[in-house]
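What follows is data02.txt (compact mmCIF, C-alpha atoms).
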# COMPACT_ATOMS: atom_id res chain seq x y z
CA MET F 821 13.12 103.07 25.23
CA GLY F 822 16.65 102.38 24.15
CA TYR F 823 17.59 105.97 23.34
CA LEU F 824 20.26 107.96 25.11
CA ASP F 825 20.19 111.64 26.01
CA PHE F 826 23.42 113.04 27.36
CA SER F 827 22.50 116.74 27.38
CA GLY F 828 21.52 116.91 31.07
CA THR F 829 24.53 114.84 32.10
CA PHE F 830 27.01 116.93 30.12
CA ALA F 831 25.52 120.10 31.61
CA ARG F 832 26.80 118.94 35.00
CA GLY F 833 30.39 118.73 33.80
CA ASP F 834 31.72 120.70 36.78
CA LEU F 835 30.39 118.06 39.18
CA PHE F 836 32.29 115.37 37.32
CA VAL F 837 35.49 117.42 37.52
CA HIS F 838 35.05 117.62 41.30
CA GLY F 839 34.41 113.89 41.36
CA VAL F 840 37.64 113.18 39.48
CA MET F 841 39.61 115.36 41.88
CA LEU F 842 38.16 113.55 44.89
CA THR F 843 38.73 110.11 43.35
CA LEU F 844 42.37 111.04 42.72
CA THR F 845 42.77 112.49 46.23
CA LEU F 846 41.33 109.35 47.81
CA SER F 847 43.42 107.01 45.66
CA ILE F 848 46.69 108.85 46.25
CA ALA F 849 46.00 109.16 49.99
CA ALA F 850 45.20 105.45 50.17
CA LEU F 851 48.36 104.59 48.22
CA VAL F 852 50.66 106.71 50.40
CA LEU F 853 49.10 105.63 53.70
CA GLY F 854 48.78 102.06 52.43
CA MET F 855 52.51 102.10 51.62
CA CYS F 856 53.26 103.04 55.24
CA VAL F 857 51.02 100.24 56.50
CA GLY F 858 52.45 97.89 53.89
CA ILE F 859 56.09 98.52 54.77
CA VAL F 860 55.40 98.04 58.49
CA GLY F 861 53.27 94.99 57.67
CA ALA F 862 55.97 93.42 55.49
CA LEU F 863 58.68 93.98 58.10
CA MET F 864 56.41 92.43 60.75
CA ARG F 865 55.58 89.54 58.44
CA LEU F 866 59.29 88.82 57.85
CA SER F 867 60.40 89.46 61.43
CA SER F 868 61.74 86.60 63.52
CA SER F 869 59.10 87.27 66.18
CA LYS F 870 56.30 84.76 65.77
CA VAL F 871 53.75 87.10 67.38
CA LEU F 872 54.44 90.03 65.03
CA SER F 873 54.55 87.76 62.01
CA SER F 874 51.20 86.13 62.79
CA ILE F 875 49.53 89.47 63.51
CA ALA F 876 50.58 90.70 60.08
CA ALA F 877 49.52 87.44 58.44
CA ALA F 878 46.11 87.57 60.14
CA TYR F 879 45.61 91.19 59.01
CA VAL F 880 46.43 90.34 55.41
CA GLU F 881 44.18 87.26 55.39
CA LEU F 882 41.25 89.07 57.04
CA ILE F 883 41.33 91.95 54.59
CA ARG F 884 41.91 89.83 51.50
CA ASN F 885 39.13 87.35 52.27
CA THR F 886 36.30 89.78 53.04
CA PRO F 887 34.53 92.22 50.68
CA PHE F 888 35.72 95.82 50.67
CA LEU F 889 32.09 96.93 50.91
CA VAL F 890 31.64 95.08 54.22
CA GLN F 891 34.91 96.59 55.50
CA ILE F 892 33.50 100.05 54.75
CA TYR F 893 30.29 99.22 56.60
CA ILE F 894 32.25 97.98 59.62
CA VAL F 895 34.33 101.18 59.71
CA TYR F 896 31.52 103.62 58.96
CA PHE F 897 28.55 102.06 60.79
CA GLY F 898 30.35 99.77 63.23
CA LEU F 899 32.86 102.12 64.82
CA PRO F 900 30.28 104.78 65.85
CA SER F 901 28.31 102.10 67.70
CA VAL F 902 31.29 101.64 70.02
CA GLY F 903 31.62 105.39 70.46
CA ILE F 904 34.14 106.27 67.75
CA ARG F 905 32.52 108.94 65.58
CA ILE F 906 34.11 109.61 62.20
CA SER F 907 33.06 111.53 59.10
CA GLU F 908 32.41 109.84 55.73
CA MET F 909 35.71 111.12 54.38
CA THR F 910 37.69 109.75 57.33
CA ALA F 911 35.85 106.44 57.07
CA ALA F 912 36.57 106.31 53.33
CA ILE F 913 40.29 107.01 53.73
CA LEU F 914 40.59 104.67 56.72
CA SER F 915 38.92 101.73 54.99
CA LEU F 916 40.80 102.33 51.71
CA THR F 917 44.09 102.46 53.65
CA LEU F 918 43.37 99.23 55.54
CA TYR F 919 42.39 97.59 52.26
CA ALA F 920 45.39 98.83 50.27
CA GLY F 921 47.76 98.16 53.17
CA ALA F 922 47.02 94.43 53.13
CA TYR F 923 47.78 94.06 49.42
CA ILE F 924 50.85 96.31 49.61
CA THR F 925 52.16 94.25 52.56
CA GLU F 926 52.30 91.24 50.28
CA ILE F 927 53.89 93.24 47.44
CA VAL F 928 56.62 94.70 49.66
CA ARG F 929 57.27 91.33 51.29
CA ALA F 930 57.81 89.76 47.87
CA GLY F 931 60.08 92.68 46.92
CA ILE F 932 62.28 92.29 50.00
CA GLN F 933 62.54 88.56 49.43
CA THR F 934 63.88 89.01 45.89
CA ILE F 935 67.14 90.47 47.20
CA GLY F 936 69.37 87.54 48.08
CA GLU F 937 72.14 87.85 50.64
CA GLY F 938 74.58 86.57 47.99
CA GLN F 939 73.96 89.64 45.81
CA ARG F 940 75.13 91.93 48.54
CA GLU F 941 78.14 89.80 49.34
CA ALA F 942 79.10 89.71 45.65
CA ALA F 943 78.92 93.50 45.42
CA ARG F 944 81.10 93.91 48.50
CA THR F 945 83.62 91.42 47.11
CA LEU F 946 83.81 93.44 43.90
CA GLY F 947 84.88 96.40 46.05
CA MET F 948 81.63 98.37 46.03
CA SER F 949 81.25 100.54 49.12
CA PRO F 950 78.37 99.77 51.51
CA TYR F 951 76.58 102.88 50.22
CA LEU F 952 76.94 101.91 46.56
CA THR F 953 75.93 98.35 47.39
CA PHE F 954 72.82 99.50 49.18
CA ARG F 955 71.90 101.95 46.46
CA TYR F 956 72.50 99.83 43.33
CA VAL F 957 72.28 96.24 44.57
CA VAL F 958 69.62 96.42 47.27
CA LEU F 959 67.42 99.48 46.91
CA LEU F 960 67.13 99.93 43.15
CA PRO F 961 66.39 96.28 42.30
CA ALA F 962 63.95 96.06 45.23
CA ILE F 963 62.04 99.13 44.06
CA SER F 964 62.21 97.98 40.47
CA ALA F 965 60.85 94.58 41.52
CA ILE F 966 57.82 96.01 43.30
CA PHE F 967 57.17 98.97 40.98
CA PRO F 968 54.97 97.14 38.42
CA ALA F 969 52.91 95.44 41.13
CA LEU F 970 52.59 98.68 43.04
CA THR F 971 51.39 100.66 40.04
CA SER F 972 48.76 98.09 39.10
CA GLN F 973 47.73 98.10 42.75
CA PHE F 974 47.26 101.86 42.48
CA ILE F 975 44.87 101.38 39.58
CA LEU F 976 42.99 98.71 41.56
CA ILE F 977 42.74 101.12 44.51
CA MET F 978 41.38 103.82 42.21
CA LEU F 979 38.73 101.46 40.87
CA ALA F 980 37.91 100.18 44.38
CA SER F 981 37.50 103.75 45.61
CA SER F 982 34.24 103.85 43.62
CA VAL F 983 32.71 101.73 46.40
CA VAL F 984 33.02 104.52 48.99
CA SER F 985 30.19 106.24 47.10
CA VAL F 986 27.86 104.02 49.18
CA ILE F 987 28.62 106.09 52.26
CA SER F 988 27.83 109.21 50.18
CA VAL F 989 31.37 110.41 49.55
CA PRO F 990 30.99 112.51 46.38
CA GLU F 991 33.84 110.96 44.39
CA LEU F 992 33.34 110.07 40.73
CA THR F 993 30.76 107.30 41.23
CA GLY F 994 29.07 109.33 43.97
CA VAL F 995 28.75 112.20 41.48
CA ALA F 996 27.07 109.84 39.01
CA ASN F 997 24.63 108.84 41.76
CA ASP F 998 23.84 112.52 42.37
CA VAL F 999 23.63 113.48 38.69
CA GLN F 1000 21.22 110.66 37.85
CA GLY F 1001 19.00 111.95 40.64
CA LEU F 1002 18.97 115.38 38.98
CA THR F 1003 18.61 114.35 35.35
CA PHE F 1004 16.72 111.04 35.71
CA ARG F 1005 19.06 109.71 32.99
CA SER F 1006 20.81 107.00 35.00
CA LEU F 1007 22.45 105.00 32.23
CA GLU F 1008 23.98 108.13 30.69
CA ALA F 1009 25.51 109.23 34.00
CA TYR F 1010 27.17 105.85 34.58
CA LEU F 1011 28.35 105.58 30.97
CA VAL F 1012 30.05 108.97 31.35
CA VAL F 1013 31.84 107.97 34.55
CA ALA F 1014 32.82 104.63 33.01
CA VAL F 1015 34.54 106.52 30.19
CA ILE F 1016 36.23 108.84 32.70
CA TYR F 1017 37.53 105.89 34.76
CA LEU F 1018 38.78 104.28 31.57
CA ALA F 1019 40.60 107.46 30.59
CA LEU F 1020 42.15 107.73 34.08
CA THR F 1021 43.27 104.09 33.96
CA ALA F 1022 44.77 104.54 30.49
CA ALA F 1023 46.54 107.77 31.50
CA PHE F 1024 48.05 106.22 34.63
CA LYS F 1025 49.08 103.03 32.84
CA GLY F 1026 50.86 105.11 30.21
CA ALA F 1027 52.52 107.38 32.75
CA PHE F 1028 53.68 104.43 34.88
CA ALA F 1029 55.18 102.72 31.83
CA LEU F 1030 57.18 105.88 31.04
CA ILE F 1031 58.35 106.24 34.65
CA ASP F 1032 59.32 102.57 34.71
CA ARG F 1033 61.49 103.04 31.60
CA ALA F 1034 63.11 106.19 32.94
CA LEU F 1035 63.85 104.91 36.45
CA PHE F 1036 64.80 101.34 35.74
CA SER F 1037 66.58 101.65 32.42
CA PHE F 1038 68.94 98.84 33.45
CA ARG F 1039 66.09 96.39 32.98
CA TYR F 1040 65.84 97.36 29.34
CA ALA F 1041 69.58 97.45 28.66
CA GLY F 1042 70.71 95.27 25.80
CA ARG F 1043 67.23 94.79 24.39
CA MET P 774 11.41 98.63 69.63
CA PHE P 775 14.63 97.17 68.28
CA GLN P 776 15.28 93.45 68.15
CA THR P 777 18.43 92.08 69.75
CA PHE P 778 20.89 90.50 67.37
CA GLY P 779 20.58 86.78 68.02
CA ILE P 780 20.67 83.30 66.59
CA ASN P 781 17.61 83.89 64.37
CA HIS P 782 19.38 86.75 62.64
CA VAL P 783 22.45 84.63 62.08
CA GLY P 784 20.15 82.03 60.54
CA PHE P 785 18.72 84.68 58.23
CA LEU P 786 22.20 85.83 57.25
CA LEU P 787 23.26 82.26 56.47
CA GLN P 788 20.12 81.75 54.44
CA CYS P 789 20.93 84.83 52.36
CA ALA P 790 24.54 83.69 52.06
CA THR P 791 23.24 80.94 49.80
CA TRP P 792 22.23 83.73 47.39
CA THR P 793 25.80 84.98 47.50
CA VAL P 794 26.90 81.49 46.52
CA VAL P 795 24.22 81.22 43.81
CA LEU P 796 25.21 84.58 42.30
CA SER P 797 28.89 83.56 42.42
CA ILE P 798 28.08 80.34 40.58
CA ILE P 799 26.05 82.25 37.96
CA ALA P 800 28.96 84.68 37.56
CA LEU P 801 31.50 81.89 37.19
CA ALA P 802 29.34 79.78 34.87
CA GLY P 803 28.54 82.78 32.66
CA GLY P 804 32.15 83.89 32.89
CA ALA P 805 33.34 80.43 31.90
CA ILE P 806 31.42 80.62 28.62
CA GLY P 807 32.38 84.25 28.00
CA GLY P 808 35.95 83.64 29.13
CA ALA P 809 36.40 80.69 26.77
CA ILE P 810 35.19 82.84 23.87
CA ILE P 811 37.47 85.73 24.88
CA ALA P 812 40.47 83.41 25.28
CA LEU P 813 39.89 81.89 21.84
CA MET P 814 39.47 85.34 20.30
CA ARG P 815 42.73 86.48 21.91
CA LEU P 816 44.49 83.45 20.38
CA SER P 817 42.86 83.84 16.97
CA ARG P 818 44.85 84.37 13.79
CA LEU P 819 42.46 87.14 12.78
CA ALA P 820 43.81 90.47 14.00
CA TRP P 821 40.41 92.12 14.36
CA LEU P 822 39.11 89.33 16.63
CA ARG P 823 42.18 89.69 18.86
CA TRP P 824 41.68 93.43 18.86
CA ILE P 825 38.01 93.24 19.91
CA ALA P 826 38.81 90.81 22.75
CA GLN P 827 41.68 92.98 23.91
CA ALA P 828 39.53 96.11 23.86
CA TYR P 829 36.82 94.29 25.83
CA ILE P 830 39.30 93.21 28.51
CA TYR P 831 40.76 96.72 28.65
CA VAL P 832 37.35 98.28 29.19
CA ILE P 833 36.21 95.81 31.87
CA GLN P 834 39.52 95.92 33.73
CA GLY P 835 39.68 99.70 33.46
CA THR P 836 36.29 100.52 34.95
CA PRO P 837 35.07 99.78 38.49
CA LEU P 838 32.86 96.71 38.83
CA LEU P 839 30.30 98.87 40.65
CA VAL P 840 29.96 101.08 37.56
CA THR P 841 29.71 97.99 35.31
CA LEU P 842 26.89 96.76 37.54
CA PHE P 843 25.05 100.09 37.37
CA ILE P 844 25.40 100.10 33.58
CA ALA P 845 24.07 96.53 33.37
CA TYR P 846 21.21 97.43 35.70
CA PHE P 847 20.17 100.68 34.05
CA GLY P 848 21.05 99.37 30.59
CA VAL P 849 18.49 96.59 30.97
CA THR P 850 15.93 99.11 32.24
CA ASN P 851 16.77 101.54 29.43
CA LEU P 852 16.03 98.85 26.86
CA GLY P 853 12.54 98.67 28.34
CA TYR P 854 12.81 95.46 30.36
CA ASP P 855 11.76 95.36 33.97
CA LEU P 856 13.69 92.41 35.30
CA PRO P 857 14.43 91.32 38.88
CA ALA P 858 17.79 92.49 40.24
CA ILE P 859 19.37 89.04 39.90
CA TYR P 860 19.27 89.34 36.09
CA ALA P 861 21.10 92.66 36.05
CA ALA P 862 23.58 91.35 38.63
CA GLY P 863 24.02 88.13 36.65
CA ILE P 864 24.69 90.07 33.44
CA GLY P 865 27.08 92.49 35.15
CA PHE P 866 29.07 89.73 36.85
CA THR P 867 29.20 87.62 33.69
CA LEU P 868 30.65 90.58 31.77
CA TYR P 869 33.18 91.06 34.57
CA SER P 870 34.34 87.48 35.03
CA SER P 871 34.47 86.80 31.27
CA ALA P 872 37.25 89.36 30.94
CA PHE P 873 39.31 88.00 33.84
CA LEU P 874 38.78 84.30 33.11
CA GLY P 875 39.54 84.99 29.44
CA GLU P 876 42.92 86.43 30.38
CA ILE P 877 43.71 83.63 32.84
CA TRP P 878 42.86 80.93 30.33
CA ARG P 879 44.66 82.58 27.43
CA GLY P 880 47.78 82.64 29.59
CA SER P 881 47.32 78.98 30.50
CA ILE P 882 46.92 77.94 26.86
CA GLN P 883 49.94 80.01 25.81
CA SER P 884 52.03 78.44 28.56
CA ILE P 885 51.87 75.09 26.73
CA SER P 886 54.95 74.85 24.56
CA LYS P 887 54.71 75.29 20.82
CA GLY P 888 56.23 71.85 20.32
CA GLN P 889 52.97 70.29 21.51
CA TRP P 890 51.10 72.02 18.69
CA GLU P 891 53.73 71.05 16.14
CA ALA P 892 53.78 67.44 17.34
CA ALA P 893 50.00 67.22 17.16
CA PHE P 894 49.92 68.73 13.67
CA ALA P 895 52.72 66.41 12.60
CA LEU P 896 50.51 63.51 13.71
CA ALA P 897 47.83 64.93 11.40
CA LEU P 898 45.49 66.02 14.19
CA GLY P 899 43.19 68.87 13.20
CA TRP P 900 42.97 72.14 15.12
CA ARG P 901 39.94 70.99 17.11
CA HIS P 902 41.50 67.70 18.20
CA THR P 903 44.81 69.35 18.98
CA MET P 904 43.06 71.92 21.15
CA LEU P 905 40.67 69.57 22.94
CA ASP P 906 42.81 66.44 23.29
CA VAL P 907 46.34 67.81 23.53
CA ILE P 908 46.44 71.45 24.64
CA VAL P 909 43.42 71.89 26.92
CA PRO P 910 44.12 68.86 29.17
CA GLN P 911 47.61 70.24 29.83
CA ALA P 912 46.48 73.87 30.11
CA LEU P 913 43.84 72.84 32.65
CA ARG P 914 46.50 71.99 35.21
CA VAL P 915 47.98 75.46 34.83
CA ALA P 916 44.58 77.14 34.83
CA ILE P 917 42.93 75.55 37.88
CA PRO P 918 44.77 77.34 40.74
CA PRO P 919 44.34 80.90 39.36
CA THR P 920 40.73 80.13 38.41
CA VAL P 921 39.94 79.06 41.97
CA GLY P 922 41.84 82.12 43.17
CA PHE P 923 39.70 84.33 40.94
CA SER P 924 36.53 82.76 42.36
CA VAL P 925 37.53 84.34 45.70
CA GLN P 926 37.39 87.74 43.99
CA VAL P 927 33.97 86.87 42.57
CA VAL P 928 32.52 85.82 45.93
CA LYS P 929 33.83 89.01 47.56
CA ASN P 930 32.63 91.22 44.74
CA THR P 931 29.08 89.82 44.78
CA ALA P 932 28.70 92.07 47.85
CA LEU P 933 28.37 94.93 45.34
CA ALA P 934 25.15 93.36 44.01
CA SER P 935 23.53 94.55 47.25
CA ILE P 936 23.85 98.11 45.93
CA VAL P 937 21.65 97.34 42.92
CA GLY P 938 19.09 95.84 45.28
CA PHE P 939 19.84 92.12 45.10
CA VAL P 940 19.27 90.48 48.50
CA GLU P 941 22.40 88.49 49.24
CA LEU P 942 24.59 88.33 52.34
CA THR P 943 25.58 92.02 52.49
CA ARG P 944 22.04 93.28 51.79
CA ALA P 945 20.78 90.89 54.46
CA GLY P 946 23.35 92.45 56.80
CA GLN P 947 21.89 95.90 56.08
CA ILE P 948 18.38 94.63 56.78
CA VAL P 949 19.38 92.99 60.07
CA SER P 950 21.46 96.02 61.01
CA SER P 951 18.52 98.39 60.66
CA ALA P 952 16.27 96.01 62.60
CA THR P 953 18.66 95.51 65.51
CA PHE P 954 20.63 98.75 65.42
CA GLN P 955 23.78 96.75 66.22
CA PRO P 956 25.79 97.36 63.04
CA LEU P 957 29.16 96.31 64.45
CA GLN P 958 28.02 92.85 65.55
CA VAL P 959 25.99 92.34 62.36
CA TYR P 960 28.68 93.38 59.89
CA LEU P 961 31.37 91.47 61.76
CA THR P 962 29.18 88.37 61.47
CA VAL P 963 28.68 89.08 57.77
CA ALA P 964 32.44 89.50 57.35
CA ALA P 965 33.03 86.22 59.21
CA ILE P 966 30.72 84.34 56.84
CA TYR P 967 32.52 85.79 53.81
CA PHE P 968 35.83 84.97 55.44
CA VAL P 969 34.89 81.31 55.88
CA ILE P 970 33.82 80.99 52.23
CA CYS P 971 36.74 82.94 50.79
CA SER P 972 39.56 81.60 52.93
CA THR P 973 38.42 78.05 52.15
CA LEU P 974 38.68 78.86 48.46
CA SER P 975 42.03 80.67 48.93
CA TYR P 976 43.38 77.68 50.81
CA ALA P 977 42.14 75.30 48.11
CA SER P 978 43.79 77.46 45.44
CA ARG P 979 47.14 77.45 47.25
CA ARG P 980 47.00 73.69 47.87
CA LEU P 981 46.10 72.93 44.27
CA GLU P 982 48.96 75.13 43.10
CA ARG P 983 51.44 73.24 45.28
CA ARG P 984 50.06 69.82 44.32
CA LEU P 985 50.01 70.53 40.60
CA ARG P 986 53.52 71.96 40.73
CA GLN P 987 54.78 68.84 42.48
CA THR P 988 53.24 66.46 39.95
CA ALA P 989 54.60 68.56 37.10
CA ASN P 990 58.19 68.04 38.21
Can you dump the structure from the file as structure tokens?
Amino acid sequence: MGYLDFSGTFARGDLFVHGVMLTLTLSIAALVLGMCVGIVGALMRLSSSKVLSSIAAAYVELIRNTPFLVQIYIVYFGLPSVGIRISEMTAAILSLTLYAGAYITEIVRAGIQTIGEGQREAARTLGMSPYLTFRYVVLLPAISAIFPALTSQFILIMLASSVVSVISVPELTGVANDVQGLTFRSLEAYLVVAVIYLALTAAFKGAFALIDRALFSFRYAGR
Amino acid sequence: MFQTFGINHVGFLLQCATWTVVLSIIALAGGAIGGAIIALMRLSRLAWLRWIAQAYIYVIQGTPLLVTLFIAYFGVTNLGYDLPAIYAAGIGFTLYSSAFLGEIWRGSIQSISKGQWEAAFALALGWRHTMLDVIVPQALRVAIPPTVGFSVQVVKNTALASIVGFVELTRAGQIVSSATFQPLQVYLTVAAIYFVICSTLSYASRRLERRLRQTAN
């Protein structure tokens, strides 16, 4: 008891590489599709139509107040029972997108709300063309306002994607499930994937910080 | 051969939902103790204590909760103990919520202006009295809404305990689903029960935030 033996786990290194690739694929797909859902959701949420706004609000509340695991079960086991057959991968991407979309809706909504009408008027008064106003006064500050929230949301999506292993999608955690079945060294397999997740998180955090500095240098001006 | 999903099953689900609540309370109680320690370490004058707490938070926030749970579960087994699943789940969730509550509470304590510390020290209060009688009562107002908000995350995430074999609401849903073969109805019911618990807490968190902000002005 109490000893660790990583030899069998390390011997399956190629499986872990595949797992990382699939985790990244799922996370990026969920982010991109979630962005589409989120932008539509935010526009609906802020629209003057009461119906559209309440649909978006209900979607956000439903997703944010139920466990992601149960959402996966509803998509993967529930949909086929009403005749919609989907593969594990489709179910994984669909549930991750619905999940990410709700959070991104709130992020984008907050981003749009940061741009006051007065800002745009001030820019126009100073003689900036509509294009320059849109580019430097509306778009850039809006993106810069949501960028930090969006990047931490990406990391949360990546960590949440581990849950799709329950419907046997062989992403990183799914690989650990498989490897422990081969080696019978369960703790070792999960310790290895924990370290890999940590490395991925650290790498993305670092990369996002660099991108933030490069894209939004105006925020750091004068510091 | 299959049962039809009915009122008895809903009763069973509700019964198991109490285990979701129990596990959430264990997680929050354990996390409260761990979180207080982490927050104090983060605020310590000793660099190495701050560093350890920071590393701990980084590790917990940088790995999926599911993996943390597996490590807690198989870690306990690896050490030669054969404990019921609730222990492993309890340990895993305590580790998890300690990190998040620690960060929330550190932020709340740091939001209290430095003048309060200086005033208390000027009145010859010791560190302990300053902390307990001056800082914490004020920090509590700041800390309550995000703490209640975090409890929503905890309730939702206890669903993951079903994967390490703990019978709570989601696991009960799986059991009922395989008995009735009506997964859509079952999991929608499960989701509805979670929704009632979580949206009540979310609502409470938002209300508290508004109330405490009003009284602060």
Tell me the residues of chain F close to chain P, meaning within 6 Å using all atoms listed in the file, as number ranges by chain.
-> F: 821-822, 885-887, 894, 897-898, 979, 1007, 1014, 1017-1018, 1021
Counting all atoms listed in the file, which of P:Ser817, P:Trp890, P:Phe778, P:Ser951 gets nearest to P:Asp906?
->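 For P:Asp906, the nearest of the given residues is P:Trp890.
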Near F:Ala943, within 10 Å and counting only C-alpha atoms, which residues show up once chain neighbours fewer than 3 positions away are dropped, as a list in words?
->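 Once the adjacent positions are removed, what remains is Gly938, Gln939, Arg940, Leu946, Gly947, Met948, Ser949, Pro950, Leu952, Thr953, Phe954, Tyr956, Val957 and Val958 of chain F.
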Can you tell me which residues surround stretch 914-921 of chain P at a distance of at most 10 Å, considering all atoms listed in the file, apart from same-chain residues fewer than 2 positions away, and format the answer as a PDB file with C-alpha atoms, in the coordinates of the input?
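To be explicit, this is the file written out as selection.pdb:
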ATOM      1  CA  LEU P 801      31.500  81.890  37.190  1.00  0.00           C
ATOM      2  CA  ALA P 805      33.340  80.430  31.900  1.00  0.00           C
ATOM      3  CA  PHE P 873      39.310  88.000  33.840  1.00  0.00           C
ATOM      4  CA  LEU P 874      38.780  84.300  33.110  1.00  0.00           C
ATOM      5  CA  ILE P 877      43.710  83.630  32.840  1.00  0.00           C
ATOM      6  CA  TRP P 878      42.860  80.930  30.330  1.00  0.00           C
ATOM      7  CA  ARG P 879      44.660  82.580  27.430  1.00  0.00           C
ATOM      8  CA  GLY P 880      47.780  82.640  29.590  1.00  0.00           C
ATOM      9  CA  SER P 881      47.320  78.980  30.500  1.00  0.00           C
ATOM     10  CA  ILE P 882      46.920  77.940  26.860  1.00  0.00           C
ATOM     11  CA  SER P 884      52.030  78.440  28.560  1.00  0.00           C
ATOM     12  CA  ILE P 885      51.870  75.090  26.730  1.00  0.00           C
ATOM     13  CA  VAL P 909      43.420  71.890  26.920  1.00  0.00           C
ATOM     14  CA  PRO P 910      44.120  68.860  29.170  1.00  0.00           C
ATOM     15  CA  GLN P 911      47.610  70.240  29.830  1.00  0.00           C
ATOM     16  CA  ALA P 912      46.480  73.870  30.110  1.00  0.00           C
ATOM     17  CA  PHE P 923      39.700  84.330  40.940  1.00  0.00           C
ATOM     18  CA  SER P 924      36.530  82.760  42.360  1.00  0.00           C
ATOM     19  CA  VAL P 925      37.530  84.340  45.700  1.00  0.00           C
ATOM     20  CA  GLN P 926      37.390  87.740  43.990  1.00  0.00           C
ATOM     21  CA  VAL P 927      33.970  86.870  42.570  1.00  0.00           C
ATOM     22  CA  LEU P 974      38.680  78.860  48.460  1.00  0.00           C
ATOM     23  CA  SER P 975      42.030  80.670  48.930  1.00  0.00           C
ATOM     24  CA  TYR P 976      43.380  77.680  50.810  1.00  0.00           C
ATOM     25  CA  ALA P 977      42.140  75.300  48.110  1.00  0.00           C
ATOM     26  CA  SER P 978      43.790  77.460  45.440  1.00  0.00           C
ATOM     27  CA  ARG P 979      47.140  77.450  47.250  1.00  0.00           C
ATOM     28  CA  ARG P 980      47.000  73.690  47.870  1.00  0.00           C
ATOM     29  CA  LEU P 981      46.100  72.930  44.270  1.00  0.00           C
ATOM     30  CA  GLU P 982      48.960  75.130  43.100  1.00  0.00           C
ATOM     31  CA  ARG P 983      51.440  73.240  45.280  1.00  0.00           C
ATOM     32  CA  ARG P 984      50.060  69.820  44.320  1.00  0.00           C
ATOM     33  CA  LEU P 985      50.010  70.530  40.600  1.00  0.00           C
ATOM     34  CA  ARG P 986      53.520  71.960  40.730  1.00  0.00           C
ATOM     35  CA  THR P 988      53.240  66.460  39.950  1.00  0.00           C
ATOM     36  CA  ALA P 989      54.600  68.560  37.100  1.00  0.00           C
TER      37      ALA P 989
END
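The space separating atom CA of P:Leu796 from atom CA of F:Tyr919 comes to 23.7 Å.
Here atom CA of P:Trp900 and atom CA of P:Arg818 stand 12.4 Å from one another.
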May I ask for the distance between atom CA of P:Ala809 and atom CA of F:Ala1023, given in Å to one decimal place?
-> 29.3 Å
Name all residues at most 10 Å from F:Arg1039 (count all atoms listed in the file; drop same-chain ones fewer than 4 positions away) and give them as a list in words.
->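 The residues satisfying every condition are Pro961, Ser964, Asp1032, Arg1033, Leu1035 and Arg1043 of chain F.
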Counting all atoms listed in the file, figure out which residue out of F:Leu1002, F:Leu976, F:Ala962, F:Leu916 gets nearest to F:Phe1024.
->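 The shortest atom-to-atom distance to F:Phe1024 comes from F:Leu976.
Near P:Lys887, within 12 Å and counting only C-alpha atoms, sit Ile882, Gln883, Glu891, Ala892, Ala893, Phe894, Thr903, Val907 and Ile908 of chain P, not including residues fewer than 4 positions from it in the same chain.
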What box, with edges along x, y and z, holds each listed atom of stretch 861-866 of chain F when 4 Å is added on every side, and can you state its centre and edge lengths in Å to one decimal, as AutoDock Vina command-line options?
--center_x 56.3 --center_y 91.9 --center_z 58.1 --size_x 14.0 --size_y 14.2 --size_z 13.3
Could stretch 825-831 of chain P be completed with N, CA, C and O atoms and returned as a PDB file, in the coordinates of the input?
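Below is the file selection28.pdb, written as the result:
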ATOM      1  N   ILE P 825      39.300  93.065  19.202  1.00  0.00           N
ATOM      2  CA  ILE P 825      38.010  93.240  19.910  1.00  0.00           C
ATOM      3  C   ILE P 825      38.123  92.666  21.331  1.00  0.00           C
ATOM      4  O   ILE P 825      37.729  93.303  22.312  1.00  0.00           O
ATOM      5  N   ALA P 826      38.696  91.445  21.436  1.00  0.00           N
ATOM      6  CA  ALA P 826      38.810  90.810  22.750  1.00  0.00           C
ATOM      7  C   ALA P 826      39.682  91.644  23.674  1.00  0.00           C
ATOM      8  O   ALA P 826      39.377  91.829  24.856  1.00  0.00           O
ATOM      9  N   GLN P 827      40.761  92.180  23.114  1.00  0.00           N
ATOM     10  CA  GLN P 827      41.680  92.980  23.910  1.00  0.00           C
ATOM     11  C   GLN P 827      40.997  94.256  24.404  1.00  0.00           C
ATOM     12  O   GLN P 827      41.140  94.647  25.562  1.00  0.00           O
ATOM     13  N   ALA P 828      40.239  94.883  23.501  1.00  0.00           N
ATOM     14  CA  ALA P 828      39.530  96.110  23.860  1.00  0.00           C
ATOM     15  C   ALA P 828      38.506  95.811  24.965  1.00  0.00           C
ATOM     16  O   ALA P 828      38.362  96.571  25.926  1.00  0.00           O
ATOM     17  N   TYR P 829      37.824  94.686  24.832  1.00  0.00           N
ATOM     18  CA  TYR P 829      36.820  94.290  25.830  1.00  0.00           C
ATOM     19  C   TYR P 829      37.475  94.144  27.208  1.00  0.00           C
ATOM     20  O   TYR P 829      36.993  94.684  28.203  1.00  0.00           O
ATOM     21  N   ILE P 830      38.598  93.427  27.235  1.00  0.00           N
ATOM     22  CA  ILE P 830      39.300  93.210  28.510  1.00  0.00           C
ATOM     23  C   ILE P 830      39.760  94.557  29.079  1.00  0.00           C
ATOM     24  O   ILE P 830      39.621  94.817  30.274  1.00  0.00           O
ATOM     25  N   TYR P 831      40.270  95.421  28.196  1.00  0.00           N
ATOM     26  CA  TYR P 831      40.760  96.720  28.650  1.00  0.00           C
ATOM     27  C   TYR P 831      39.637  97.526  29.301  1.00  0.00           C
ATOM     28  O   TYR P 831      39.831  98.142  30.354  1.00  0.00           O
TER      29      TYR P 831
END
